[in-house]
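File shown here: data-v3.pdb, holding PDB, C-alpha atoms and all ligand atoms.
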```pdb
ATOM      1  CA  MET M   1     105.215  81.034  97.203
ATOM      2  CA  THR M   2     104.687  80.239 100.895
ATOM      3  CA  ASP M   3     101.613  78.939 102.598
ATOM      4  CA  PRO M   4     100.853  81.782 105.005
ATOM      5  CA  ASN M   5      99.499  79.291 107.519
ATOM      6  CA  ARG M   6     102.737  77.419 107.750
ATOM      7  CA  LEU M   7     105.192  78.507 110.398
ATOM      8  CA  MET M   8     108.396  79.540 108.752
ATOM      9  CA  SER M   9     111.773  78.501 110.044
ATOM     10  CA  ARG M  10     114.214  81.282 110.797
ATOM     11  CA  ARG M  11     116.261  80.110 107.846
ATOM     12  CA  SER M  12     113.447  80.444 105.341
ATOM     13  CA  THR M  13     112.423  83.704 106.970
ATOM     14  CA  LEU M  14     115.848  85.173 106.455
ATOM     15  CA  ALA M  15     115.956  83.845 102.937
ATOM     16  CA  THR M  16     112.630  85.484 102.170
ATOM     17  CA  LEU M  17     113.580  88.813 103.701
ATOM     18  CA  GLY M  18     116.928  88.727 102.005
ATOM     19  CA  ALA M  19     115.884  87.463  98.632
ATOM     20  CA  ALA M  20     115.533  89.669  95.642
ATOM     21  CA  GLY M  21     112.023  90.323  94.451
ATOM     22  CA  LEU M  22     111.873  88.960  90.913
ATOM     23  CA  GLY M  23     115.611  89.260  90.516
ATOM     24  CA  LEU M  24     115.651  93.017  90.858
ATOM     25  CA  TRP M  25     118.735  93.056  93.079
ATOM     26  CA  ALA M  26     120.964  91.811  90.376
ATOM     27  CA  MET M  27     119.538  94.405  88.080
ATOM     28  CA  HIS M  28     120.667  97.026  90.561
ATOM     29  CA  SER M  29     124.235  95.839  90.601
ATOM     30  CA  PRO M  30     126.576  98.052  88.586
ATOM     31  CA  SER M  31     127.328  95.320  86.065
ATOM     32  CA  ALA M  32     123.721  94.357  85.553
ATOM     33  CA  HIS M  33     122.563  96.692  82.884
ATOM     34  CA  ALA M  34     124.693  94.827  80.409
ATOM     35  CA  ASP M  35     122.917  91.621  81.378
ATOM     36  CA  ASP M  36     120.012  90.942  79.051
ATOM     37  CA  SER M  37     118.441  88.297  81.287
ATOM     38  CA  LYS M  38     118.073  90.839  84.104
ATOM     39  CA  GLY M  39     116.940  93.551  81.783
ATOM     40  CA  ASN M  40     114.184  91.224  80.698
ATOM     41  CA  ASP M  41     112.672  91.513  84.169
ATOM     42  CA  LEU M  42     111.425  94.961  83.252
ATOM     43  CA  ASN M  43     109.977  93.597  80.008
ATOM     44  CA  SER M  44     107.753  91.241  81.982
ATOM     45  CA  LEU M  45     107.061  93.683  84.858
ATOM     46  CA  LEU M  46     106.192  96.636  82.678
ATOM     47  CA  PRO M  47     105.011  95.129  79.372
ATOM     48  CA  GLU M  48     102.974  98.192  78.492
ATOM     49  CA  PHE M  49     105.954 100.532  78.679
ATOM     50  CA  SER M  50     107.928 101.357  75.547
ATOM     51  CA  GLU M  51     111.424  99.960  75.191
ATOM     52  CA  LYS M  52     112.748 103.522  75.390
ATOM     53  CA  SER M  53     111.144 104.016  78.820
ATOM     54  CA  ARG M  54     112.295 100.626  80.076
ATOM     55  CA  ASP M  55     115.848 101.556  79.029
ATOM     56  CA  ARG M  56     115.527 104.832  80.933
ATOM     57  CA  LEU M  57     114.350 102.919  84.009
ATOM     58  CA  ARG M  58     117.134 100.331  83.682
ATOM     59  CA  ARG M  59     119.674 103.139  83.618
ATOM     60  CA  LEU M  60     118.147 104.760  86.716
ATOM     61  CA  LEU M  61     117.861 101.504  88.672
ATOM     62  CA  SER M  62     121.414 100.413  87.941
ATOM     63  CA  ALA M  63     123.070 103.791  88.618
ATOM     64  CA  PRO M  64     125.520 103.646  91.540
ATOM     65  CA  GLY M  65     123.879 105.059  94.640
ATOM     66  CA  PHE M  66     120.309 104.525  93.370
ATOM     67  CA  SER M  67     118.076 105.340  96.333
ATOM     68  CA  GLY M  68     114.585 104.288  95.285
ATOM     69  CA  HIS M  69     113.515 107.499  93.620
ATOM     70  CA  ILE M  70     113.050 108.920  90.137
ATOM     71  CA  PRO M  71     114.062 112.575  89.824
ATOM     72  CA  ALA M  72     111.354 114.947  88.586
ATOM     73  CA  ALA M  73     112.921 115.546  85.159
ATOM     74  CA  GLU M  74     113.212 111.798  84.531
ATOM     75  CA  ALA M  75     109.602 111.247  85.664
ATOM     76  CA  GLN M  76     108.474 113.975  83.288
ATOM     77  CA  ALA M  77     110.451 112.437  80.424
ATOM     78  CA  LEU M  78     108.938 109.003  81.146
ATOM     79  CA  ALA M  79     105.424 110.470  81.197
ATOM     80  CA  GLU M  80     106.045 112.256  77.885
ATOM     81  CA  THR M  81     107.464 109.156  76.209
ATOM     82  CA  GLU M  82     104.523 107.091  77.440
ATOM     83  CA  GLN M  83     102.083 109.905  76.561
ATOM     84  CA  LYS M  84     100.556 109.606  80.017
ATOM     85  CA  SER M  85      99.872 111.913  82.916
ATOM     86  CA  VAL M  86     102.348 111.566  85.782
ATOM     87  CA  GLY M  87      99.523 110.006  87.829
ATOM     88  CA  ALA M  88      98.991 107.331  85.171
ATOM     89  CA  LEU M  89     102.760 106.808  85.045
ATOM     90  CA  MET M  90     102.819 106.265  88.830
ATOM     91  CA  LEU M  91     100.093 103.634  88.540
ATOM     92  CA  GLY M  92     102.014 102.023  85.684
ATOM     93  CA  LEU M  93     105.156 101.799  87.847
ATOM     94  CA  LEU M  94     103.419  99.945  90.689
ATOM     95  CA  PRO M  95     104.446  96.446  89.509
ATOM     96  CA  LEU M  96     108.058  97.629  89.821
ATOM     97  CA  ALA M  97     107.427  99.153  93.276
ATOM     98  CA  ARG M  98     105.862  95.897  94.399
ATOM     99  CA  THR M  99     109.092  93.982  93.769
ATOM    100  CA  TYR M 100     110.509  95.722  96.861
ATOM    101  CA  SER M 101     107.831  94.082  99.011
ATOM    102  CA  ARG M 102     109.056  91.695 101.772
ATOM    103  CA  PRO M 103     105.923  90.120 103.337
ATOM    104  CA  PRO M 104     106.952  86.690 104.738
ATOM    105  CA  ILE M 105     103.911  86.591 107.072
ATOM    106  CA  SER M 106     101.011  87.668 104.860
ATOM    107  CA  ASN M 107     102.621  86.931 101.502
ATOM    108  CA  TYR M 108     100.552  89.946 100.393
ATOM    109  CA  HIS M 109     102.708  92.157  98.193
ATOM    110  CA  VAL M 110     101.896  95.865  98.167
ATOM    111  CA  GLY M 111     103.705  98.535  96.163
ATOM    112  CA  ALA M 112     103.377 102.308  96.363
ATOM    113  CA  VAL M 113     104.709 105.255  94.377
ATOM    114  CA  VAL M 114     104.665 108.703  95.973
ATOM    115  CA  ARG M 115     104.989 111.979  94.109
ATOM    116  CA  GLY M 116     106.644 114.675  96.163
ATOM    117  CA  ALA M 117     105.902 118.375  95.829
ATOM    118  CA  SER M 118     109.250 118.545  93.974
ATOM    119  CA  GLY M 119     107.871 116.254  91.263
ATOM    120  CA  ASN M 120     110.241 113.433  92.259
ATOM    121  CA  LEU M 121     108.734 109.936  92.436
ATOM    122  CA  TYR M 122     109.530 107.608  95.350
ATOM    123  CA  PHE M 123     109.121 103.831  95.547
ATOM    124  CA  GLY M 124     107.893 101.971  98.601
ATOM    125  CA  ALA M 125     106.599  98.523  99.552
ATOM    126  CA  ASN M 126     105.432  96.603 102.603
ATOM    127  CA  ILE M 127     107.893  94.901 104.971
ATOM    128  CA  GLU M 128     107.017  92.297 107.639
ATOM    129  CA  PHE M 129     109.105  90.842 110.469
ATOM    130  CA  PRO M 130     108.276  87.281 111.532
ATOM    131  CA  GLY M 131     108.584  86.400 115.191
ATOM    132  CA  HIS M 132     107.559  89.810 116.484
ATOM    133  CA  SER M 133     104.533  92.034 116.937
ATOM    134  CA  LEU M 134     102.638  92.863 113.763
ATOM    135  CA  GLY M 135     102.980  96.440 115.000
ATOM    136  CA  PHE M 136     106.547  96.394 113.666
ATOM    137  CA  ALA M 137     105.384  95.973 110.049
ATOM    138  CA  VAL M 138     105.902  98.744 107.513
ATOM    139  CA  HIS M 139     103.061  99.452 105.083
ATOM    140  CA  ALA M 140     103.875 100.281 101.453
ATOM    141  CA  GLU M 141     102.576 103.843 101.751
ATOM    142  CA  GLN M 142     104.699 104.414 104.870
ATOM    143  CA  SER M 143     107.733 103.058 103.043
ATOM    144  CA  ALA M 144     107.241 105.368 100.035
ATOM    145  CA  LEU M 145     106.353 108.389 102.198
ATOM    146  CA  SER M 146     109.392 107.851 104.417
ATOM    147  CA  ASN M 147     111.478 107.635 101.235
ATOM    148  CA  ALA M 148     110.219 111.109 100.230
ATOM    149  CA  TYR M 149     110.829 112.330 103.786
ATOM    150  CA  MET M 150     114.428 111.040 103.842
ATOM    151  CA  HIS M 151     115.066 112.809 100.530
ATOM    152  CA  SER M 152     113.836 116.017 102.228
ATOM    153  CA  ASP M 153     111.134 116.602  99.669
ATOM    154  CA  THR M 154     109.091 119.682 100.487
ATOM    155  CA  GLY M 155     105.726 117.911 100.674
ATOM    156  CA  ILE M 156     103.576 115.116  99.276
ATOM    157  CA  ALA M 157     101.412 115.653  96.187
ATOM    158  CA  SER M 158     100.040 112.170  95.525
ATOM    159  CA  VAL M 159     100.272 108.497  96.417
ATOM    160  CA  ALA M 160      99.600 105.610  94.020
ATOM    161  CA  VAL M 161      99.153 102.210  95.646
ATOM    162  CA  THR M 162      98.206  98.697  94.544
ATOM    163  CA  ALA M 163      95.325  98.422  97.049
ATOM    164  CA  ALA M 164      93.144 100.931  98.889
ATOM    165  CA  PRO M 165      95.092 102.524 101.771
ATOM    166  CA  CYS M 166      94.210 100.964 105.130
ATOM    167  CA  GLY M 167      93.080 103.087 108.074
ATOM    168  CA  HIS M 168      96.577 103.001 109.591
ATOM    169  CA  CYS M 169      98.042 104.528 106.415
ATOM    170  CA  ARG M 170      95.297 107.144 106.147
ATOM    171  CA  GLN M 171      96.252 108.216 109.666
ATOM    172  CA  PHE M 172      99.972 108.165 108.784
ATOM    173  CA  MET M 173      99.292 110.292 105.695
ATOM    174  CA  THR M 174      97.377 112.834 107.772
ATOM    175  CA  GLU M 175     100.656 113.635 109.513
ATOM    176  CA  MET M 176     102.195 114.303 106.064
ATOM    177  CA  SER M 177      99.268 116.519 105.036
ATOM    178  CA  PRO M 178      97.132 117.724 107.969
ATOM    179  CA  GLU M 179      94.717 119.413 105.543
ATOM    180  CA  GLY M 180      94.208 116.100 103.705
ATOM    181  CA  ASP M 181      95.346 117.459 100.321
ATOM    182  CA  ILE M 182      97.222 114.333  99.162
ATOM    183  CA  GLN M 183      95.676 112.767  96.059
ATOM    184  CA  ILE M 184      95.226 108.993  96.356
ATOM    185  CA  LEU M 185      95.412 106.908  93.166
ATOM    186  CA  VAL M 186      94.219 103.294  93.171
ATOM    187  CA  GLY M 187      93.595 101.293  89.978
ATOM    188  CA  SER M 188      91.206 102.830  87.498
ATOM    189  CA  SER M 189      89.214 104.734  90.154
ATOM    190  CA  PRO M 190      89.287 108.529  89.922
ATOM    191  CA  ALA M 191      91.881 110.203  92.167
ATOM    192  CA  VAL M 192      90.460 111.032  95.575
ATOM    193  CA  LYS M 193      91.728 113.430  98.223
ATOM    194  CA  LEU M 194      92.930 112.061 101.549
ATOM    195  CA  SER M 195      90.383 114.300 103.308
ATOM    196  CA  ALA M 196      87.619 112.358 101.521
ATOM    197  CA  LEU M 197      89.091 109.008 102.640
ATOM    198  CA  LEU M 198      89.562 110.156 106.235
ATOM    199  CA  PRO M 199      87.002 112.821 107.074
ATOM    200  CA  ALA M 200      86.982 114.408 110.523
ATOM    201  CA  ALA M 201      90.591 113.277 110.943
ATOM    202  CA  PHE M 202      92.436 113.346 114.257
ATOM    203  CA  GLY M 203      95.481 115.409 113.315
ATOM    204  CA  PRO M 204      98.436 117.343 114.721
ATOM    205  CA  LYS M 205      96.197 120.289 115.641
ATOM    206  CA  ASP M 206      94.339 118.059 118.118
ATOM    207  CA  LEU M 207      97.531 117.932 120.177
ATOM    208  CA  GLY M 208      98.226 121.610 119.662
ATOM    209  CA  PHE M 209     100.491 121.560 116.598
ATOM    210  CA  LYS M 210      99.913 123.719 113.542
ATOM    211  CA  ASP M 211     102.078 121.782 111.062
ATOM    212  CA  GLY M 212     102.697 118.179 110.128
ATOM    213  CA  ALA M 213     105.866 116.312 109.198
ATOM    214  CA  PHE M 214     106.571 118.441 106.106
ATOM    215  CA  PRO M 215     108.583 120.508 105.500
ATOM    216  CA  VAL M 216     111.393 118.497 107.064
ATOM    217  CA  ARG M 217     113.026 120.434 109.888
ATOM    218  CA  GLU M 218     116.390 120.015 111.635
ATOM    219  CA  ALA M 219     116.695 119.359 115.356
ATOM    220  CA  ASP M 220     119.720 120.829 117.109
ATOM    221  CA  LEU M 221     121.414 117.643 118.310
ATOM    222  CA  SER M 222     125.061 116.753 118.741
ATOM    223  CA  LEU M 223     127.116 113.659 119.532
ATOM    224  CA  PRO M 224     128.991 113.315 122.818
ATOM    225  CA  LYS M 225     132.659 114.357 122.744
ATOM    226  CA  GLY M 226     134.874 111.706 121.201
ATOM    227  CA  VAL M 227     132.139 110.029 119.129
ATOM    228  CA  ASP M 228     132.824 110.862 115.507
ATOM    229  CA  ASP M 229     132.750 107.590 113.555
ATOM    230  CA  GLU M 230     131.027 107.696 110.149
ATOM    231  CA  LEU M 231     128.055 105.528 111.157
ATOM    232  CA  SER M 232     127.287 107.516 114.340
ATOM    233  CA  VAL M 233     127.497 110.762 112.372
ATOM    234  CA  ALA M 234     125.053 109.345 109.785
ATOM    235  CA  ALA M 235     122.694 108.246 112.588
ATOM    236  CA  LEU M 236     122.988 111.710 114.151
ATOM    237  CA  ASN M 237     122.027 113.302 110.830
ATOM    238  CA  ALA M 238     119.004 110.986 110.655
ATOM    239  CA  ALA M 239     118.066 111.909 114.247
ATOM    240  CA  ARG M 240     118.392 115.626 113.444
ATOM    241  CA  GLN M 241     116.017 115.068 110.528
ATOM    242  CA  SER M 242     113.519 113.080 112.618
ATOM    243  CA  TYR M 243     110.014 114.277 113.426
ATOM    244  CA  ALA M 244     108.960 113.800 117.054
ATOM    245  CA  PRO M 245     106.816 116.747 118.134
ATOM    246  CA  TYR M 246     104.764 114.738 120.645
ATOM    247  CA  THR M 247     107.559 113.065 122.636
ATOM    248  CA  LYS M 248     110.578 115.241 121.722
ATOM    249  CA  ALA M 249     112.357 111.871 121.540
ATOM    250  CA  ASN M 250     114.096 112.490 118.221
ATOM    251  CA  SER M 251     116.056 109.493 116.975
ATOM    252  CA  GLY M 252     117.808 108.162 113.920
ATOM    253  CA  ILE M 253     119.403 104.956 112.701
ATOM    254  CA  ALA M 254     122.208 104.312 110.252
ATOM    255  CA  LEU M 255     122.815 100.896 108.694
ATOM    256  CA  ARG M 256     126.049  99.882 107.028
ATOM    257  CA  THR M 257     125.932  96.990 104.576
ATOM    258  CA  ARG M 258     128.682  94.723 103.328
ATOM    259  CA  THR M 259     128.686  96.665 100.051
ATOM    260  CA  GLY M 260     129.920  99.664 102.074
ATOM    261  CA  ARG M 261     126.800 101.763 101.628
ATOM    262  CA  ILE M 262     125.141 103.528 104.555
ATOM    263  CA  TYR M 263     121.346 103.938 104.815
ATOM    264  CA  LYS M 264     119.758 106.453 107.139
ATOM    265  CA  GLY M 265     116.372 106.262 108.818
ATOM    266  CA  ALA M 266     114.654 109.011 110.782
ATOM    267  CA  TYR M 267     111.934 108.420 113.358
ATOM    268  CA  ILE M 268     108.609 109.768 111.999
ATOM    269  CA  GLU M 269     106.056 110.245 114.745
ATOM    270  CA  ASN M 270     102.265 110.258 114.439
ATOM    271  CA  VAL M 271      99.725 112.164 116.498
ATOM    272  CA  ALA M 272      97.853 108.880 117.058
ATOM    273  CA  PHE M 273     101.126 107.315 118.304
ATOM    274  CA  ASN M 274     100.757 103.750 116.961
ATOM    275  CA  PRO M 275     101.234 104.558 113.258
ATOM    276  CA  SER M 276     104.599 106.207 114.114
ATOM    277  CA  LEU M 277     107.435 104.833 111.989
ATOM    278  CA  PRO M 278     110.494 103.763 114.022
ATOM    279  CA  PRO M 279     113.908 104.802 112.674
ATOM    280  CA  LEU M 280     115.053 101.231 111.964
ATOM    281  CA  GLN M 281     111.987 100.633 109.784
ATOM    282  CA  THR M 282     112.649 103.869 107.866
ATOM    283  CA  ALA M 283     116.266 102.821 107.282
ATOM    284  CA  LEU M 284     115.300  99.283 106.190
ATOM    285  CA  ALA M 285     112.758 100.696 103.741
ATOM    286  CA  ALA M 286     115.537 102.891 102.295
ATOM    287  CA  LEU M 287     117.895  99.922 102.027
ATOM    288  CA  ILE M 288     115.339  97.729 100.262
ATOM    289  CA  VAL M 289     114.222 100.313  97.679
ATOM    290  CA  ALA M 290     117.891 100.946  96.927
ATOM    291  CA  GLY M 291     118.042  97.301  95.831
ATOM    292  CA  GLU M 292     119.953  95.835  98.774
ATOM    293  CA  SER M 293     119.093  92.967 101.084
ATOM    294  CA  SER M 294     118.679  93.300 104.853
ATOM    295  CA  SER M 295     120.869  90.187 105.135
ATOM    296  CA  SER M 296     123.838  92.328 104.056
ATOM    297  CA  VAL M 297     123.559  94.669 107.076
ATOM    298  CA  SER M 298     126.837  94.523 108.995
ATOM    299  CA  LYS M 299     126.570  97.413 111.472
ATOM    300  CA  VAL M 300     123.744  99.442 113.000
ATOM    301  CA  ALA M 301     123.921 102.668 115.019
ATOM    302  CA  LEU M 302     121.054 104.357 116.862
ATOM    303  CA  VAL M 303     121.272 107.970 117.994
ATOM    304  CA  GLU M 304     118.573 109.167 120.377
ATOM    305  CA  VAL M 305     118.051 111.965 122.854
ATOM    306  CA  GLU M 306     119.515 111.507 126.328
ATOM    307  CA  GLY M 307     116.795 111.157 128.970
ATOM    308  CA  ALA M 308     113.882 111.155 126.499
ATOM    309  CA  VAL M 309     110.447 109.845 127.469
ATOM    310  CA  ILE M 310     110.677 106.928 124.975
ATOM    311  CA  SER M 311     113.546 104.893 123.511
ATOM    312  CA  GLN M 312     113.822 103.007 120.218
ATOM    313  CA  LYS M 313     116.470 100.616 121.568
ATOM    314  CA  SER M 314     114.380  97.604 122.601
ATOM    315  CA  ALA M 315     112.171  97.632 119.485
ATOM    316  CA  ALA M 316     115.201  98.051 117.195
ATOM    317  CA  GLU M 317     116.970  95.141 118.891
ATOM    318  CA  ALA M 318     113.883  92.943 118.512
ATOM    319  CA  VAL M 319     113.622  93.654 114.774
ATOM    320  CA  MET M 320     117.359  93.176 114.327
ATOM    321  CA  ALA M 321     117.158  89.767 116.027
ATOM    322  CA  ALA M 322     114.709  88.748 113.298
ATOM    323  CA  ILE M 323     116.630  90.021 110.306
ATOM    324  CA  THR M 324     120.269  90.603 111.230
ATOM    325  CA  PRO M 325     121.055  88.080 113.983
ATOM    326  CA  GLY M 326     124.544  88.554 115.370
ATOM    327  CA  VAL M 327     124.710  92.274 114.580
ATOM    328  CA  LYS M 328     124.883  94.377 117.736
ATOM    329  CA  LEU M 329     123.076  97.685 118.018
ATOM    330  CA  GLN M 330     125.396 100.573 118.845
ATOM    331  CA  VAL M 331     123.481 103.169 120.884
ATOM    332  CA  VAL M 332     124.685 106.762 121.196
ATOM    333  CA  LYS M 333     122.907 109.327 123.357
ATOM    334  CA  ALA M 334     122.735 112.745 121.713
ATOM    335  CA  MET M 335     122.585 116.071 123.456
ATOM    336  CA  GLY M 336     120.848 119.273 122.519
ATOM    337  CA  ARG M 337     117.456 120.777 121.907
ATOM    338  CA  THR M 338     114.836 119.151 119.695
TER     339      THR M 338
HETATM  340 ZN    ZN M 401      98.361 100.520 105.292
END
```
Let me see whether you can do it: turn the structure in this file into structure tokens.
Amino acid sequence: MTDPNRLMSRRSTLATLGAAGLGLWAMHSPSAHADDSKGNDLNSLLPEFSEKSRDRLRRLLSAPGFSGHIPAAEAQALAETEQKSVGALMLGLLPLARTYSRPPISNYHVGAVVRGASGNLYFGANIEFPGHSLGFAVHAEQSALSNAYMHSDTGIASVAVTAAPCGHCRQFMTEMSPEGDIQILVGSSPAVKLSALLPAAFGPKDLGFKDGAFPVREADLSLPKGVDDELSVAALNAARQSYAPYTKANSGIALRTRTGRIYKGAYIENVAFNPSLPPLQTALAALIVAGESSSSVSKVALVEVEGAVISQKSAAEAVMAAITPGVKLQVVKAMGRT
């Protein structure tokens, strides 16, 4: 669609970040499942699926409050209808996951489907932010894994992805499974364990920690007296859910969109530091897989620990300048133990 070598204007950038992948937004709107033209998107995306399964997916995607995941029972029913293993189902769903991709710099669309220990499936896709460091980008695996994390799944069983996981993602996944037990599914290749893709990994134990990011734990944080608005409370809940063993700088973001929905994003730290996922990126990934556009963000709140060794403020403001110009970041300092 776009020549990657051509510099994009801010206008086209915003249009790309805000646009619906293959018309999937409209399909997510409450009125959409009655619209045959939108329903047809799934016919072309998932031509090998039965009509019964596509109907099941349409119902899930258009349900109010859809949050980019397929509950375990629904995943099982889809696998049975398709007479496939859940792993094969995950691979089959990748074209749908890829529609959540927003890569205005590389124009390289990556989709991922994660299976949590609960059996739930979670969508994810890559997100890029023109005008800023490539370090701000979200990889598809990170998006899908953060989706599972925000749903407080108890662990990660497997990850299906449209291309082999890059080194950055292998490192990110090590934090989700320090023993390297996650099964990686790519194309028709046999499933392979993370430990085989990243042997001799540098993991949490190298910095003295026994566990990784799962199971999700709660930090004991509270808002200052007098701060009790809905968005700050949502950002506090995200910060309480965040994972920051190395800096103790727990943080969370809440985004409100013009549709009235609120999306939460927790900071997910990595032992190798750079693959850490900032809270704004986690929240944007949640917003996109729910079928909304970042251009509809109207308010953003960040809650972080008072006096912590790092802050998410400057990076969040830089990303917001690229995708939600004019929206001011509200920063609240939380108190308590992490
Ligand atoms: Zn990657």
Practice problem: Produce as a list in words the set of residues near ligand ZN 401 (chain M), where near means within 8 Å with all atoms listed in the file considered. | Solution: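 Using all atoms listed in the file, I find these residues within 8 Å of ligand ZN 401 (chain M): His139, Ala140, Glu141, Gln142, Pro165, Cys166, Gly167, His168, Cys169 and Arg170 of chain M.
Taking all atoms listed in the file into account, Ser222 (chain M) lies nearest to M:Gly336 out of the set M:Pro71, M:Gly336, M:Pro245, M:Gly92.
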Practice problem: Could you state which residues are captured by the PyMOL selection byres (((chain M and resi 276-293) around 8) and not hetatm) in this file, as a PyMOL selection string? | Solution: chain M and resi 17-20+24-25+28+65-68+100+123-125+127+136+138+142-143+146-147+172+251-255+263-270+272-275+294-297+312+316
Practice problem: Using only C-alpha atoms, give me every residue within 6 Å of (110.8, 96.2, 84.6) in file coordinates, as a PyMOL selection string. | Solution: chain M and resi 41-43+45-46
Practice problem: Please check which residues have atoms at most 12 Å from (99.1, 103.8, 86.7) in the file's coordinates, counting all atoms listed in the file, and write them as an MDAnalysis selection string. | Solution: chainID M and resid 46 48:49 79 82 84:97 111:114 159:162 184:191
Self-check item: Selection result for the PyMOL selection byres (((chain M and resi 74) around 12) and not hetatm) on this file, as a list of chain:residue names
Solution: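 Evaluating the PyMOL selection byres (((chain M and resi 74) around 12) and not hetatm) on this file yields M:Ser53, M:Asp55, M:Arg56, M:Leu57, M:Arg59, M:Leu60, M:His69, M:Ile70, M:Pro71, M:Ala72, M:Ala73, M:Ala75, M:Gln76, M:Ala77, M:Leu78, M:Ala79, M:Glu80, M:Thr81, M:Val86, M:Leu89, M:Gly119, M:Asn120, M:Leu121.
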File of the preceding selection, C-alpha atoms, as a PDB file, in the frame of the given file:
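Contents of the output file again.pdb:
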```
ATOM      1  CA  SER M  53     111.144 104.016  78.820  1.00  0.00           C
ATOM      2  CA  ASP M  55     115.848 101.556  79.029  1.00  0.00           C
ATOM      3  CA  ARG M  56     115.527 104.832  80.933  1.00  0.00           C
ATOM      4  CA  LEU M  57     114.350 102.919  84.009  1.00  0.00           C
ATOM      5  CA  ARG M  59     119.674 103.139  83.618  1.00  0.00           C
ATOM      6  CA  LEU M  60     118.147 104.760  86.716  1.00  0.00           C
ATOM      7  CA  HIS M  69     113.515 107.499  93.620  1.00  0.00           C
ATOM      8  CA  ILE M  70     113.050 108.920  90.137  1.00  0.00           C
ATOM      9  CA  PRO M  71     114.062 112.575  89.824  1.00  0.00           C
ATOM     10  CA  ALA M  72     111.354 114.947  88.586  1.00  0.00           C
ATOM     11  CA  ALA M  73     112.921 115.546  85.159  1.00  0.00           C
ATOM     12  CA  ALA M  75     109.602 111.247  85.664  1.00  0.00           C
ATOM     13  CA  GLN M  76     108.474 113.975  83.288  1.00  0.00           C
ATOM     14  CA  ALA M  77     110.451 112.437  80.424  1.00  0.00           C
ATOM     15  CA  LEU M  78     108.938 109.003  81.146  1.00  0.00           C
ATOM     16  CA  ALA M  79     105.424 110.470  81.197  1.00  0.00           C
ATOM     17  CA  GLU M  80     106.045 112.256  77.885  1.00  0.00           C
ATOM     18  CA  THR M  81     107.464 109.156  76.209  1.00  0.00           C
ATOM     19  CA  VAL M  86     102.348 111.566  85.782  1.00  0.00           C
ATOM     20  CA  LEU M  89     102.760 106.808  85.045  1.00  0.00           C
ATOM     21  CA  GLY M 119     107.871 116.254  91.263  1.00  0.00           C
ATOM     22  CA  ASN M 120     110.241 113.433  92.259  1.00  0.00           C
ATOM     23  CA  LEU M 121     108.734 109.936  92.436  1.00  0.00           C
TER      24      LEU M 121
END
```
Exercise. To one decimal in Å, tell me the separation between CA of Val319 (chain M) and CA of Ala334 (chain M).
Key: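 It comes out at 22.3 Å.
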When the PyMOL selection byres (((chain M and resi 208-213) around 8) and not hetatm) is applied to the file above, which residues end up in the set, as a short mmCIF file (atom, residue, chain, number, x, y, z; two decimals) with C-alpha atoms, in the coordinates of the input?
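Once everything was written out, this is selection-v4.cif:
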```cif
data_model
loop_
_atom_site.label_atom_id
_atom_site.label_comp_id
_atom_site.auth_asym_id
_atom_site.auth_seq_id
_atom_site.Cartn_x
_atom_site.Cartn_y
_atom_site.Cartn_z
CA THR M 174 97.38 112.83 107.77
CA GLU M 175 100.66 113.64 109.51
CA MET M 176 102.20 114.30 106.06
CA SER M 177 99.27 116.52 105.04
CA PRO M 178 97.13 117.72 107.97
CA PRO M 204 98.44 117.34 114.72
CA LYS M 205 96.20 120.29 115.64
CA ASP M 206 94.34 118.06 118.12
CA LEU M 207 97.53 117.93 120.18
CA PHE M 214 106.57 118.44 106.11
CA PRO M 215 108.58 120.51 105.50
CA VAL M 216 111.39 118.50 107.06
CA TYR M 243 110.01 114.28 113.43
CA ILE M 268 108.61 109.77 112.00
#
```
Quiz item: Using all atoms listed in the file, which residues sit within 7 Å of region 322-330 of chain M once same-chain residues fewer than 5 positions away are excluded, as JSON, numbers by chain?
Solution: {"M": [14, 129, 130, 131, 294, 295, 297, 298, 299, 300, 301, 302, 317]}
Self-check item: d(CA of Phe202 (chain M), CA of Ala244 (chain M)) in Å
Solution: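 Computing it gives 16.8 Å between the two atoms.
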Self-check item: Nearest residue to Ala238 (chain M) from the set M:Leu223, M:Ile262, M:Met150, M:Val192 (distances using all atoms listed in the file)
Solution: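 Using all atoms listed in the file, the shortest distance to Ala238 (chain M) belongs to M:Met150.
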Exercise. Kindly give the distance, in Å, that separates CA of Val305 (chain M) and CA of Ser232 (chain M), rounded to a single decimal.
Key: 13.3 Å
Using only the atoms of region 270-282 of chain M listed in the file, plus 3 Å on each side, state the axis-aligned box centre and edge lengths in Å rounded to one decimal, as lines of an AutoDock Vina configuration file.
```
center_x = 106.5
center_y = 106.4
center_z = 113.1
size_x = 23.2
size_y = 17.5
size_z = 16.4
```
Practice problem: Show which residues sit within 9 Å of Gly180 (chain M), as an MDAnalysis selection string. Count all atoms listed in the file, and ignore same-chain residues fewer than 2 positions away. | Solution: chainID M and resid 173:174 176:178 182:183 193:199 201
